[in-house]
$ cat entry07.txt   # compact mmCIF, C-alpha atoms
# COMPACT_ATOMS: atom_id res chain seq x y z
CA MET A 1 4.91 -7.71 -0.02
CA ALA A 2 7.18 -9.52 -2.44
CA GLY A 3 9.09 -7.26 -4.80
CA THR A 4 12.36 -7.14 -6.61
CA ALA A 5 15.66 -7.98 -4.94
CA ALA A 6 17.19 -4.65 -5.76
CA ALA A 7 15.60 -1.82 -7.64
CA ALA A 8 17.24 0.08 -10.44
CA PRO A 9 17.72 3.78 -9.58
CA ARG A 10 14.56 4.76 -11.43
CA PHE A 11 12.54 2.46 -9.15
CA LEU A 12 13.94 3.53 -5.81
CA HIS A 13 10.72 5.46 -5.26
CA ILE A 14 8.76 2.21 -5.65
CA ASP A 15 10.87 0.61 -2.92
CA ALA A 16 10.24 3.67 -0.76
CA LEU A 17 6.49 3.25 -1.25
CA ARG A 18 6.83 -0.39 -0.20
CA GLY A 19 8.54 0.78 2.96
CA ILE A 20 5.68 3.16 3.75
CA ALA A 21 3.11 0.42 3.08
CA ALA A 22 4.90 -2.01 5.41
CA LEU A 23 5.11 0.56 8.22
CA LEU A 24 1.38 1.25 7.97
CA VAL A 25 0.61 -2.47 8.32
CA VAL A 26 3.00 -2.79 11.28
CA TRP A 27 1.48 0.25 13.01
CA LEU A 28 -2.01 -1.18 12.81
CA HIS A 29 -1.14 -4.71 13.93
CA VAL A 30 1.19 -3.82 16.80
CA THR A 31 -1.20 -1.32 18.35
CA GLN A 32 -4.18 -3.58 17.70
CA PHE A 33 -2.54 -6.57 19.39
CA PHE A 34 -1.43 -4.55 22.42
CA GLN A 35 -4.84 -2.95 22.78
CA ALA A 36 -6.53 -6.36 22.68
CA GLN A 37 -4.10 -8.35 24.84
CA LEU A 38 -2.37 -5.98 27.27
CA ALA A 39 -4.65 -2.97 27.71
CA PRO A 40 -7.51 -4.97 29.34
CA VAL A 41 -5.19 -6.15 32.16
CA GLN A 42 -2.71 -3.28 32.41
CA PRO A 43 -3.37 0.51 32.30
CA MET A 44 -1.40 2.10 29.48
CA GLY A 45 -1.24 5.39 27.65
CA GLY A 46 -1.30 6.01 23.95
CA LEU A 47 -4.39 4.00 23.07
CA ALA A 48 -5.25 6.81 20.66
CA LEU A 49 -2.48 5.43 18.43
CA ALA A 50 -4.47 2.21 18.13
CA ARG A 51 -7.80 3.94 17.63
CA PHE A 52 -6.37 6.24 14.98
CA ALA A 53 -4.83 3.32 13.04
CA GLN A 54 -8.09 1.38 13.29
CA ASP A 55 -10.36 4.28 12.33
CA PHE A 56 -8.42 4.77 9.11
CA ASP A 57 -7.50 1.07 8.81
CA PHE A 58 -3.81 1.64 8.16
CA GLY A 59 -3.36 -2.05 7.39
CA ARG A 60 -5.85 -1.90 4.54
CA ILE A 61 -4.20 1.23 3.17
CA GLY A 62 -0.83 -0.53 3.23
CA VAL A 63 -2.19 -3.65 1.55
CA MET A 64 -3.92 -1.69 -1.22
CA LEU A 65 -0.69 0.25 -1.77
CA PHE A 66 1.17 -3.07 -2.04
CA PHE A 67 -1.35 -4.24 -4.65
CA LEU A 68 -0.83 -1.10 -6.75
CA ILE A 69 2.93 -1.62 -6.56
CA SER A 70 2.62 -5.28 -7.59
CA GLY A 71 0.63 -4.23 -10.63
CA TYR A 72 3.27 -1.66 -11.46
CA VAL A 73 6.14 -4.17 -11.23
CA ILE A 74 4.99 -7.72 -11.95
CA PRO A 75 3.63 -7.68 -15.54
CA ASP A 76 6.79 -6.07 -16.85
CA SER A 77 8.85 -8.93 -15.40
CA ILE A 78 7.32 -11.30 -17.95
CA ARG A 79 9.71 -10.85 -20.85
CA LEU A 80 7.83 -12.15 -23.85
CA ASP A 81 10.83 -11.50 -26.11
CA ARG A 82 12.85 -14.21 -24.35
CA PRO A 83 12.62 -18.02 -24.54
CA SER A 84 10.02 -19.71 -22.34
CA PRO A 85 8.94 -16.48 -20.61
CA LEU A 86 6.03 -17.91 -18.61
CA ALA A 87 7.93 -20.85 -17.13
CA THR A 88 10.86 -18.65 -16.14
CA PHE A 89 8.45 -16.13 -14.62
CA ALA A 90 6.85 -18.89 -12.53
CA ILE A 91 10.24 -20.18 -11.37
CA ARG A 92 11.38 -16.74 -10.26
CA ARG A 93 8.16 -15.91 -8.46
CA VAL A 94 7.99 -19.24 -6.58
CA LEU A 95 11.51 -18.80 -5.28
CA ARG A 96 10.78 -15.15 -4.49
CA ILE A 97 7.64 -15.85 -2.47
CA PHE A 98 8.03 -19.21 -0.76
CA PRO A 99 11.42 -19.45 1.06
CA ALA A 100 10.69 -16.63 3.53
CA TYR A 101 7.04 -17.68 3.65
CA TRP A 102 7.93 -21.26 4.61
CA LEU A 103 10.13 -19.94 7.41
CA SER A 104 7.28 -17.82 8.74
CA VAL A 105 4.74 -20.67 8.97
CA PRO A 106 6.19 -22.56 11.99
CA LEU A 107 7.00 -19.26 13.72
CA GLY A 108 3.43 -18.13 13.16
CA ALA A 109 2.06 -21.45 14.46
CA GLY A 110 4.10 -21.10 17.63
CA ALA A 111 3.66 -17.40 18.33
CA MET A 112 0.09 -16.89 17.15
CA TRP A 113 -1.42 -20.22 18.25
CA TRP A 114 0.54 -22.60 20.52
CA LEU A 115 1.77 -20.00 23.02
CA TRP A 116 -1.81 -18.95 23.65
CA GLY A 117 -3.19 -22.49 24.01
CA ARG A 118 -4.95 -22.39 20.67
CA PRO A 119 -4.98 -25.63 18.64
CA PHE A 120 -3.02 -25.62 15.39
CA GLY A 121 -1.91 -29.07 14.30
CA TRP A 122 0.58 -30.47 11.83
CA ARG A 123 -2.14 -30.79 9.21
CA GLU A 124 -2.73 -27.06 9.42
CA ILE A 125 1.00 -26.42 9.14
CA LEU A 126 1.35 -28.65 6.07
CA VAL A 127 -1.63 -27.01 4.35
CA ASN A 128 -0.24 -23.55 5.19
CA LEU A 129 3.04 -24.48 3.53
CA THR A 130 1.13 -24.73 0.23
CA LEU A 131 -0.38 -21.23 0.68
CA LEU A 132 -3.78 -22.70 -0.22
CA GLN A 133 -5.24 -22.71 3.30
CA ASP A 134 -7.94 -20.16 2.47
CA LEU A 135 -9.20 -22.33 -0.37
CA VAL A 136 -9.68 -25.44 1.79
CA GLY A 137 -10.98 -23.83 4.97
CA VAL A 138 -7.82 -24.18 7.07
CA PRO A 139 -6.91 -21.23 9.34
CA PRO A 140 -3.74 -19.35 8.40
CA ALA A 141 -0.74 -19.46 10.71
CA ILE A 142 -0.53 -15.66 10.32
CA GLY A 143 -3.48 -13.53 9.31
CA VAL A 144 -1.66 -11.57 6.59
CA TYR A 145 -1.29 -14.66 4.37
CA TRP A 146 -4.51 -13.93 2.46
CA THR A 147 -2.79 -11.15 0.54
CA LEU A 148 -0.19 -13.59 -0.79
CA LEU A 149 -2.95 -15.72 -2.27
CA VAL A 150 -4.26 -12.60 -4.02
CA GLU A 151 -0.74 -12.09 -5.38
CA LEU A 152 -0.71 -15.65 -6.74
CA VAL A 153 -4.07 -15.07 -8.43
CA PHE A 154 -2.62 -11.94 -10.02
CA TYR A 155 0.39 -13.91 -11.26
CA ALA A 156 -1.99 -16.43 -12.82
CA LEU A 157 -3.99 -13.60 -14.41
CA CYS A 158 -0.78 -12.17 -15.89
CA ILE A 159 0.07 -15.56 -17.39
CA VAL A 160 -3.41 -15.86 -18.91
CA LEU A 161 -3.19 -12.34 -20.34
CA ALA A 162 0.24 -13.17 -21.79
CA LEU A 163 -1.18 -16.29 -23.47
CA LEU A 164 -3.94 -14.10 -24.94
CA HIS A 165 -1.35 -11.55 -26.16
CA SER A 166 -2.98 -8.94 -23.94
CA LEU A 167 -0.53 -8.47 -21.08
CA HIS A 168 1.03 -5.36 -22.58
CA ASP A 169 -2.07 -4.15 -24.43
CA ALA A 170 -3.05 -1.03 -22.48
CA ARG A 171 -6.56 -0.84 -23.89
CA ARG A 172 -7.43 -4.43 -22.96
CA ILE A 173 -5.87 -3.99 -19.51
CA ALA A 174 -7.90 -0.81 -18.97
CA TRP A 175 -11.15 -2.47 -20.03
CA LEU A 176 -10.47 -5.44 -17.77
CA ALA A 177 -9.68 -3.14 -14.83
CA ALA A 178 -12.95 -1.27 -15.46
CA LEU A 179 -14.91 -4.52 -15.77
CA LEU A 180 -13.52 -5.79 -12.47
CA ALA A 181 -14.35 -2.46 -10.81
CA GLY A 182 -17.91 -2.83 -12.07
CA VAL A 183 -18.17 -6.42 -10.79
CA HIS A 184 -17.03 -5.38 -7.33
CA THR A 185 -19.39 -2.41 -7.25
CA LEU A 186 -22.35 -4.60 -8.17
CA ALA A 187 -21.34 -7.13 -5.51
CA VAL A 188 -21.11 -4.42 -2.85
CA PHE A 189 -24.48 -2.97 -3.88
CA ALA A 190 -26.04 -6.44 -3.70
CA ALA A 191 -24.57 -7.00 -0.23
CA TRP A 192 -25.85 -3.59 0.87
CA ARG A 193 -29.31 -4.65 -0.28
CA GLY A 194 -29.12 -7.79 1.83
CA VAL A 195 -27.89 -10.39 -0.66
CA THR A 196 -25.52 -12.90 0.94
CA LEU A 197 -22.24 -13.06 -0.96
CA SER A 198 -18.86 -14.72 -0.62
CA LEU A 199 -16.68 -11.86 0.65
CA PRO A 200 -13.40 -13.19 -0.84
CA LEU A 201 -14.99 -13.52 -4.27
CA ALA A 202 -16.62 -10.10 -3.95
CA PHE A 203 -13.36 -8.36 -3.04
CA LEU A 204 -10.99 -10.18 -5.40
CA PRO A 205 -12.16 -8.11 -8.42
CA LEU A 206 -11.35 -4.91 -6.53
CA TYR A 207 -7.82 -6.05 -5.68
CA LEU A 208 -7.15 -7.21 -9.25
CA SER A 209 -8.53 -3.95 -10.62
CA PHE A 210 -6.13 -1.98 -8.43
CA MET A 211 -3.24 -4.13 -9.63
CA LEU A 212 -4.18 -3.57 -13.26
CA CYS A 213 -4.35 0.17 -12.62
CA GLY A 214 -0.78 -0.09 -11.34
CA ALA A 215 0.17 -1.85 -14.58
CA LEU A 216 -1.36 0.97 -16.62
CA PHE A 217 0.67 3.56 -14.74
CA ARG A 218 3.78 1.52 -15.55
CA HIS A 219 2.83 1.75 -19.24
CA LEU A 220 2.72 5.51 -18.90
CA ASP A 221 6.05 5.71 -17.10
CA ASP A 222 7.75 3.47 -19.67
CA GLY A 223 6.57 5.74 -22.48
CA ALA A 224 4.64 2.90 -24.10
CA ALA A 225 2.08 3.75 -26.76
CA ILE A 226 -1.28 4.12 -25.01
CA ASP A 227 -4.22 5.16 -27.13
CA ALA A 228 -6.67 7.84 -26.08
CA GLY A 229 -9.33 5.30 -25.12
CA ALA A 230 -7.06 3.57 -22.59
CA ARG A 231 -6.00 6.93 -21.14
CA ARG A 232 -9.62 7.98 -20.71
CA LEU A 233 -10.49 4.69 -19.03
CA LEU A 234 -7.56 5.02 -16.63
CA ALA A 235 -8.56 8.60 -15.82
CA ALA A 236 -12.13 7.43 -15.21
CA LEU A 237 -10.92 4.65 -12.92
CA VAL A 238 -8.77 7.08 -10.94
CA GLY A 239 -11.72 9.46 -10.59
CA TYR A 240 -13.99 6.60 -9.56
CA TYR A 241 -11.62 5.17 -6.94
CA LEU A 242 -10.53 8.57 -5.61
CA VAL A 243 -13.86 10.43 -5.53
CA VAL A 244 -17.05 8.72 -6.68
CA PHE A 245 -16.77 5.36 -4.91
CA PRO A 246 -15.46 6.79 -1.59
CA LEU A 247 -18.21 9.41 -1.46
CA ALA A 248 -20.88 6.79 -2.12
CA ALA A 249 -19.41 4.37 0.43
CA SER A 250 -19.03 7.12 3.05
CA TRP A 251 -22.68 8.05 2.57
CA ALA A 252 -23.73 4.41 2.91
CA ILE A 253 -21.60 3.27 5.89
CA GLY A 254 -19.65 6.30 7.10
CA PRO A 255 -16.02 7.24 6.47
CA ARG A 256 -14.41 5.49 9.47
CA ASN A 257 -12.85 2.07 8.93
CA ASN A 258 -14.21 2.17 5.38
CA TYR A 259 -12.25 -0.02 2.98
CA VAL A 260 -13.24 2.17 0.01
CA VAL A 261 -11.76 5.24 1.69
CA CYS A 262 -8.66 3.17 2.48
CA GLY A 263 -8.32 2.30 -1.19
CA ALA A 264 -8.66 5.97 -2.13
CA ILE A 265 -5.94 6.95 0.35
CA ALA A 266 -3.66 4.19 -0.97
CA LEU A 267 -4.22 5.33 -4.55
CA LEU A 268 -3.57 8.94 -3.55
CA VAL A 269 -0.28 7.98 -1.86
CA PHE A 270 0.69 5.96 -4.93
CA LEU A 271 -0.08 8.88 -7.26
CA LEU A 272 1.84 11.31 -5.06
CA GLY A 273 4.80 8.93 -4.90
CA THR A 274 4.94 8.19 -8.62
CA ARG A 275 3.53 11.29 -10.35
CA VAL A 276 4.21 14.25 -8.04
CA THR A 277 7.34 13.68 -5.95
CA ARG A 278 9.41 10.51 -5.99
CA LEU A 279 10.63 9.73 -2.49
CA ARG A 280 14.11 8.20 -2.56
CA ALA A 281 15.14 8.63 1.08
CA GLY A 282 17.60 5.87 1.93
CA LEU A 283 15.75 4.66 5.04
CA PHE A 284 12.46 4.16 3.21
CA VAL A 285 14.17 2.54 0.22
CA TRP A 286 15.91 0.08 2.56
CA LEU A 287 12.67 -0.62 4.41
CA GLY A 288 11.05 -1.30 1.06
CA ARG A 289 13.70 -3.87 0.22
CA ILE A 290 13.06 -5.78 3.44
CA SER A 291 9.31 -5.08 3.40
CA TYR A 292 8.28 -8.62 2.43
CA SER A 293 9.98 -10.18 5.46
CA LEU A 294 8.79 -7.32 7.67
CA TYR A 295 5.26 -7.98 6.45
CA LEU A 296 5.56 -11.71 7.22
CA PHE A 297 7.34 -11.61 10.57
CA HIS A 298 6.14 -8.51 12.42
CA ALA A 299 2.93 -10.10 13.74
CA PRO A 300 4.40 -13.29 15.31
CA LEU A 301 7.29 -11.32 16.79
CA THR A 302 4.83 -8.83 18.31
CA MET A 303 2.84 -11.70 19.80
CA LEU A 304 6.03 -13.15 21.29
CA VAL A 305 6.73 -9.82 22.96
CA LEU A 306 3.17 -9.65 24.25
CA TRP A 307 3.31 -13.19 25.63
CA TRP A 308 6.56 -12.38 27.44
CA LEU A 309 5.12 -9.17 28.90
CA LEU A 310 2.08 -11.00 30.21
CA GLN A 311 4.37 -13.40 32.09
CA GLN A 312 5.88 -10.49 34.03
CA ALA A 313 4.54 -9.28 37.38
CA ALA A 314 1.80 -6.68 37.18
CA ASP A 315 4.08 -4.06 38.74
CA SER A 316 6.98 -4.82 36.38
CA PRO A 317 8.43 -1.71 34.69
CA TRP A 318 8.15 -3.61 31.40
CA ARG A 319 4.36 -3.44 31.66
CA GLY A 320 2.24 -0.33 31.52
CA GLN A 321 4.51 1.56 29.16
CA HIS A 322 3.12 4.05 26.66
CA MET A 323 1.82 2.47 23.44
CA LEU A 324 4.43 4.41 21.48
CA VAL A 325 7.19 2.57 23.37
CA TYR A 326 5.76 -0.81 22.42
CA LEU A 327 5.15 0.29 18.84
CA ALA A 328 8.74 1.46 18.49
CA ALA A 329 10.18 -1.65 20.16
CA CYS A 330 8.16 -4.13 18.09
CA THR A 331 8.83 -2.22 14.88
CA LEU A 332 12.58 -2.24 15.53
CA LEU A 333 12.46 -5.95 16.40
CA GLY A 334 10.52 -6.69 13.21
CA VAL A 335 12.91 -4.60 11.11
CA ALA A 336 15.95 -6.34 12.59
CA ALA A 337 14.49 -9.79 11.95
CA ALA A 338 13.39 -8.79 8.45
CA ALA A 339 16.87 -7.55 7.61
CA VAL A 340 18.33 -10.93 8.61
CA VAL A 341 15.72 -12.93 6.70
CA GLU A 342 16.05 -10.74 3.62
CA ARG A 343 19.80 -11.26 3.57
CA CYS A 344 19.95 -14.94 4.54
CA VAL A 345 16.75 -16.32 2.98
CA GLU A 346 15.26 -13.93 0.41
CA ARG A 347 18.46 -13.10 -1.46
CA PRO A 348 19.62 -16.72 -1.85
CA GLY A 349 16.10 -17.67 -3.00
CA ILE A 350 16.08 -14.88 -5.57
CA ALA A 351 19.56 -15.82 -6.78
CA LEU A 352 18.54 -19.48 -7.11
CA GLY A 353 15.40 -18.48 -8.99
CA ARG A 354 17.40 -16.38 -11.44
CA TRP A 355 19.92 -19.18 -11.96
CA LEU A 356 17.22 -21.79 -12.58
CA ALA A 357 15.30 -19.43 -14.86
CA THR A 358 18.46 -18.73 -16.88
CA ARG A 359 19.18 -22.44 -17.23
CA TRP A 360 15.59 -23.04 -18.32
CA GLN A 361 15.86 -20.26 -20.90
CA GLN A 362 19.11 -21.65 -22.23
CA ARG A 363 17.60 -25.08 -22.68
CA ALA A 364 14.50 -23.59 -24.32
CA ALA A 365 16.71 -21.57 -26.70
CA ALA A 366 18.75 -24.67 -27.53
CA ARG A 367 15.59 -26.61 -28.43
CA LEU A 368 14.60 -23.82 -30.84
CA ARG A 369 17.87 -23.97 -32.77
$ encode --input "entry07.txt" --output "structure tokens"
Amino acid sequence: MAGTAAAAPRFLHIDALRGIAALLVVWLHVTQFFQAQLAPVQPMGGLALARFAQDFDFGRIGVMLFFLISGYVIPDSIRLDRPSPLATFAIRRVLRIFPAYWLSVPLGAGAMWWLWGRPFGWREILVNLTLLQDLVGVPPAIGVYWTLLVELVFYALCIVLALLHSLHDARRIAWLAALLAGVHTLAVFAAWRGVTLSLPLAFLPLYLSFMLCGALFRHLDDGAAIDAGARRLLAALVGYYLVVFPLAASWAIGPRNNYVVCGAIALLVFLLGTRVTRLRAGLFVWLGRISYSLYLFHAPLTMLVLWWLLQQAADSPWRGQHMLVYLAACTLLGVAAAAVVERCVERPGIALGRWLATRWQQRAAARLR
């Protein structure tokens, strides 16, 4: 999802992890869409690619990896030593998130809804442009939008923590991450025992806890002073998310398509990519830099390809190809589109956000003189 415009050399490995996360999401969605739409009417090989991605829920792994990366990057972008840090943070994030998002909404309405005869009116489009559709019961133009709302909640949490002088306090962050983990665990246990719960509210603590764990790892990498208590809490959280929680969840519901196991895999990939070996391969770094647009646009572009294929004759050579062919083609199409959007929409938005934030800081500094 949304990240920095260009990473400093020390963060190339973070961009590479973004690239891996985006590819996992694309793999799941492309194979899932083709299995659902084309396979029932056209024999095709390679369905194991779809089953494998679904059994391990590659999309969930990618999303949880994105959340860890957001926690690693976002809190440090709030520079409390500069004038008006919260307002400038909000300006930069709005112009980082929304320009490409706004472009994706009408494309999503057309490719995911109108082409298939599904109703999606102008009211739905206007609500989607606010990114608040999930809060008012309006369907999203593209299913992946829910993660962006989680990102906005995390931004708001960071602002609140900054106002409470806790954003860079490792001990308070660790305790909050542990508290949120406990809240989610209790919610899951209650649901397992038959209590009806709001799933978004039950899962939000888990996502925020993962993000805060990412922030704690950034503290460690920056060499910030972290007391023994915070280190022990972080170690306990890692042990819980990697071992204890997955084992309990696997016992309760089985390991396949288990979101807890997905979170453990995402955390393991994050730890390998930040603590063990830092991947800086140029292809993955570049994919990470266009990952936000790839995340937004791969699904509607895949549905456009599917719609076109279904218009072809049943004996057309375009139909009945191996799943790997469709996966490669849709991935390349998504990457090409993402590269264009990143260059023509994301970069200007980021540049405008930086310019407006700088002007705001200058005015705030002038008022303080």
$ closest_atom_pairs --input "entry07.txt" --of "segment 197-240 of chain A" --to "segment 71-81 of chain A" --cutoff "6 Å" --atoms "all atoms listed in the file" --output "CSV"
residue,atom,partner,partner_atom,distance
A:Met211,CA,A:Gly71,CA,4.0
A:Leu212,CA,A:Gly71,CA,5.5
A:Gly214,CA,A:Tyr72,CA,4.3
A:Ala215,CA,A:Tyr72,CA,4.4
A:Arg218,CA,A:Tyr72,CA,5.2
$ residues_around --input "entry07.txt" --residues "His184 of chain A" --least-positions-apart "6" --cutoff "7 Å" --atoms "only C-alpha atoms" --output "mmCIF file with C-alpha atoms, in the coordinates of the input"
data_model
loop_
_atom_site.group_PDB
_atom_site.id
_atom_site.type_symbol
_atom_site.label_atom_id
_atom_site.label_comp_id
_atom_site.auth_asym_id
_atom_site.auth_seq_id
_atom_site.Cartn_x
_atom_site.Cartn_y
_atom_site.Cartn_z
ATOM 1 C CA ALA A 202 -16.620 -10.100 -3.950
ATOM 2 C CA PHE A 203 -13.360 -8.360 -3.040
ATOM 3 C CA PRO A 205 -12.160 -8.110 -8.420
ATOM 4 C CA LEU A 206 -11.350 -4.910 -6.530
#
$ atom_distance --input "entry07.txt" --atom1 "atom CA of Tyr155 of chain A" --atom2 "atom CA of Ala225 of chain A"
23.6 Å
$ residues_around --input "entry07.txt" --residues "Gln32 of chain A" --least-positions-apart "4" --cutoff "12 Å" --atoms "all atoms listed in the file" --output "ChimeraX atom specification"
/A:25-28,36-39,46-55,57-59,299,302-303,306,323,326-327
$ atom_distance --input "entry07.txt" --atom1 "atom CA of Arg319 of chain A" --atom2 "atom CA of Gly19 of chain A"
29.3 Å
$ axis_aligned_box --input "entry07.txt" --around "segment 293-312 of chain A" --padding-each-side "3 Å" --output "JSON"
{"center_x": 6.0, "center_y": -10.4, "center_z": 19.7, "size_x": 13.9, "size_y": 12.1, "size_z": 34.6}
$ closest_residue --input "entry07.txt" --among "A:Ala224, A:Leu129, A:Leu95, A:Leu279" --to "Leu17 of chain A" --atoms "only C-alpha atoms"
A:Leu279
$ atom_distance --input "entry07.txt" --atom1 "atom CA of Gly45 of chain A" --atom2 "atom CA of Gly334 of chain A"
22.2 Å
$ closest_residue --input "entry07.txt" --among "A:Ile253, A:Cys344, A:Ala21, A:Val276" --to "Leu65 of chain A" --atoms "only C-alpha atoms"
A:Ala21
$ closest_residue --input "entry07.txt" --among "A:Val341, A:Ala177, A:Leu283, A:Val195" --to "Leu234 of chain A" --atoms "all atoms listed in the file"
A:Ala177
$ residues_around --input "entry07.txt" --residues "segment 229-233 of chain A" --least-positions-apart "2" --cutoff "9 Å" --atoms "only C-alpha atoms" --output "VMD selection string"
chain A and resid 170 to 175 177 to 178 216 226 to 227 235 to 238
$ residues_around --input "entry07.txt" --residues "Ala339 of chain A" --least-positions-apart "4" --cutoff "8 Å" --atoms "only C-alpha atoms" --output "PyMOL selection string"
chain A and resi 290+293+335+343
$ closest_residue --input "entry07.txt" --among "A:Val243, A:Ile61, A:Ala141, A:Ile14" --to "Val285 of chain A" --atoms "all atoms listed in the file"
A:Ile14
$ residues_around --input "entry07.txt" --residues "Ile20 of chain A" --least-positions-apart "6" --cutoff "8 Å" --atoms "all atoms listed in the file" --output "short mmCIF file (atom, residue, chain, number, x, y, z; two decimals) with C-alpha atoms, in the frame of the given file"
data_model
loop_
_atom_site.label_atom_id
_atom_site.label_comp_id
_atom_site.auth_asym_id
_atom_site.auth_seq_id
_atom_site.Cartn_x
_atom_site.Cartn_y
_atom_site.Cartn_z
CA GLY A 62 -0.83 -0.53 3.23
CA PHE A 284 12.46 4.16 3.21
CA LEU A 287 12.67 -0.62 4.41
CA GLY A 288 11.05 -1.30 1.06
#
